[in-house]
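Here's the structure we're looking at; comments come further down.
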Amino acid sequence: MKTILKDYGSGRSVSKVILPVVGCLALVLVSQIWTSDTFLLQTAGVSSSLVKGAASTATATGGTATTTTLVSSSVEADDALDWNNTLQLLQQHKDRPLPCQLKKYPTPIILMSLGRSGTASMYQVLAKLSGDGSSPYFIEYTGGSTAESRKFFRKTVPKEDIYGDWLVKFVCRQQRQHKHTGLVGFKWKPFMTTLTDEKALQGLALLSRLKNHDVPIKVIRSRRNLLDVRISRYKHNHGSKTEAHCQQDDFECIKKHLEVGSGIHLPVNDGRLLKELTKLDAMENAVDDLLDRMGVPAIRVSFEKLFSSSDVSEWTMLFGELGIGPSNLTRSDVDRAGHAATSLPYHNITLGNYAEVKMALNGTKFASLLH
């Protein structure tokens with residue numbers, strides 16, 4: 001399902017939405033969504049009340065319904081954007097100085113990935129193998145849930161901040177507080193219902209502008225096998241209470257994780273698993289597409305290549321892009337620096353209903369996720 005958006009909103013008046021993207025007047029977001037029109041609009045961050053003259057056409061492709069929805073750009077006269085002011089704002093934004101001085105070190109980064117995608121483990125390796133080896137708590141600054149993210153972008157970020165200053169100011173504070181670490185920044189969970197909010201887009205626009213700055217803030221965009229993401233979420237939501245991660249010498253924690261993480265019965269009835277994987281896949285692709293269209297450079301990495309590969313080429317690439325880390329990295333270095341492995345490598349052990357899951361995914365694009 002393909003959605004083309006020419007007006008953005010978050011349940012508020014369109015006239016309040018200003019996209020400070022240098023060199024363009026309107027942002028077009030195209031996302032691949034294979035679910036309902038309602039979810040489609042919510043994922044894009046557009047209130048249904050803003051949709052005018054939307055036309056939907058459904059066709060069948062390989063047994064899967066696909067819908068193409070065009071959201072009209074027409075709005076009420078009193079909600080029309082003042083394009084003269086917008087043009088002026090974009091020109092001001094282009095050469096506007098930053099609210100604080102970014103330093104090259106500690107390297108400023110943003111980790112952007114879905115929850116349960118291994119971001120915390122990746123950060124620990126990066127932190128322990130750079131700078132003084134310390135790893136200050138890396139907070140989910142923009143919110144760990146959809147509700148928290150909505151509150152952050154709609155209430156916490158000052159209304160008068162129309163340039164994405166909230167992002168730079170936080171990173172500057174981190175650099176002042178942790179001068180000897182290898183990297184600083186925060187995790188930005190990309191909830192699509194809030195990633196297209198006004199303040200979020202302004203932050204992304206700033207990241208795009210900083211790509212030509214002496215000190216860019218580097219976005220690390222990591223993706224993980226979506227079936228493993230789903231299993232991990234189910235384990236932590238339905239299993240007995242466990243820590244999110246285990247340190248290498250915490251054998252009791254490791255044992256508990258392995259016990260909870262085996263024989264899991266993942267719900268597959270009524271196409272539920274396929275729908276969930278489809279939704280996750282659509283969200284991931286929409287985030288990547290938005291970053292590309294906003295001109296936000298991202299270092300893209302794979303969780304499997306980082307943690308399940310016998311070589312360290314993905315780590316070498318990542319450290320090289322960040323300009324930090326050891327020169328002769330080995331797999332032993334990574335294993336010692338990271339969290340203890342708490343996920344079993346074979347789905348026929350992890351899943352108590354492996355045969356059901358295999359049957360549910362057979363013939364779909366997700367069949368290859370099983371291992």
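Following the order of the structure tokens, first chain is A, next is B, and so on, with residues numbered from 1 inside each chain and ligands from 1 in the order they appear.
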Practice problem: Please identify all polymer residues within 10 Å of Leu318 in chain A, counting only C-alpha atoms, omitting same-chain residues fewer than 6 positions from it, and present them as a list in words. | Solution: Leu126, Ile220, Ile299, Arg300, Val301, Leu306, Val312, Ile324 and Gly325 of chain A
Quiz item: range 67-302 of chain A: which residues are helix (DSSP H, G or I) by DSSP, as a ChimeraX atom specification?
Solution: /A:77-79,83-95,119-128,146-156,165-177,192-195,198-212,226-238,251-260,269-294
Practice problem: Name the residues of range 134-198 of chain A that come out as strand (DSSP E) in a backbone DSSP run; write them as a count of residues only. | Solution: 5
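Between CA of Val184 in chain A and CA of Glu284 in chain A there is a distance of 24.2 Å.
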Exercise. Compare A:Ile264, A:Val296, A:Ala244, A:Val125 by their minimum atom-to-atom distance to Gln202 in chain A, counting only C-alpha atoms, and give me the closest one.
Key: A:Val296
Per residue of range 289-319 of chain A within 10 Å of range 112-118 of chain A, note the shortest atom pair and the distance in Å to one decimal, counting only C-alpha atoms, and order the rows by chain and increasing residue number, as CSV.
residue,atom,partner,partner_atom,distance
A:Ala298,CA,A:Met112,CA,9.3
A:Arg300,CA,A:Met112,CA,9.8
A:Ser302,CA,A:Ser117,CA,9.6
A:Phe303,CA,A:Gly118,CA,6.7
A:Glu304,CA,A:Gly118,CA,9.6
A:Leu306,CA,A:Gly118,CA,9.8
A:Phe307,CA,A:Gly118,CA,9.2
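Look at Val357 in chain A: the protein and nucleic acid residues within 9 Å of it, using only C-alpha atoms and passing over chain neighbours fewer than 3 places away, are Leu266, Pro267, Val268, Leu273, Leu351, Asn353, Tyr354, Ala360, Leu361, Asn362 and Leu370 of chain A.
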Self-check item: Exercise: Cys172 in chain A partners within 7 Å, only C-alpha atoms, chain neighbours under 4 positions left out, as a PyMOL selection string
Solution: chain A and resi 100-102+168+176
Okay, now the selection with N, CA, C and O atoms, as a PDB file, in the first residue's frame?
ATOM      1  N   CYS A 100      24.195  26.086  20.392  1.00  0.00           N
ATOM      2  CA  CYS A 100      25.357  25.774  21.224  1.00  0.00           C
ATOM      3  C   CYS A 100      26.448  25.182  20.343  1.00  0.00           C
ATOM      4  O   CYS A 100      26.198  24.810  19.191  1.00  0.00           O
ATOM      5  N   GLN A 101      27.646  25.100  20.884  1.00  0.00           N
ATOM      6  CA  GLN A 101      28.800  24.655  20.108  1.00  0.00           C
ATOM      7  C   GLN A 101      28.965  23.140  20.184  1.00  0.00           C
ATOM      8  O   GLN A 101      29.302  22.586  21.221  1.00  0.00           O
ATOM      9  N   LEU A 102      28.724  22.456  19.073  1.00  0.00           N
ATOM     10  CA  LEU A 102      28.963  21.015  19.018  1.00  0.00           C
ATOM     11  C   LEU A 102      30.454  20.750  18.911  1.00  0.00           C
ATOM     12  O   LEU A 102      31.173  21.443  18.183  1.00  0.00           O
ATOM     13  N   VAL A 168      19.934  19.626  19.423  1.00  0.00           N
ATOM     14  CA  VAL A 168      21.321  20.050  19.582  1.00  0.00           C
ATOM     15  C   VAL A 168      21.642  20.393  21.031  1.00  0.00           C
ATOM     16  O   VAL A 168      22.715  20.057  21.537  1.00  0.00           O
ATOM     17  N   ARG A 176      29.187  18.082  27.462  1.00  0.00           N
ATOM     18  CA  ARG A 176      29.770  18.758  28.619  1.00  0.00           C
ATOM     19  C   ARG A 176      29.846  17.833  29.832  1.00  0.00           C
ATOM     20  O   ARG A 176      30.807  17.877  30.612  1.00  0.00           O
TER      21      ARG A 176
END
Exercise. Using only C-alpha atoms, pick whichever of A:Ser343, A:His265, A:Arg209, A:Phe191 has the shortest atom-to-atom distance to Gly144 in chain A.
Key: A:Phe191
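Between CA of Ser232 in chain A and CA of Ser135 in chain A the separation is 23.7 Å.
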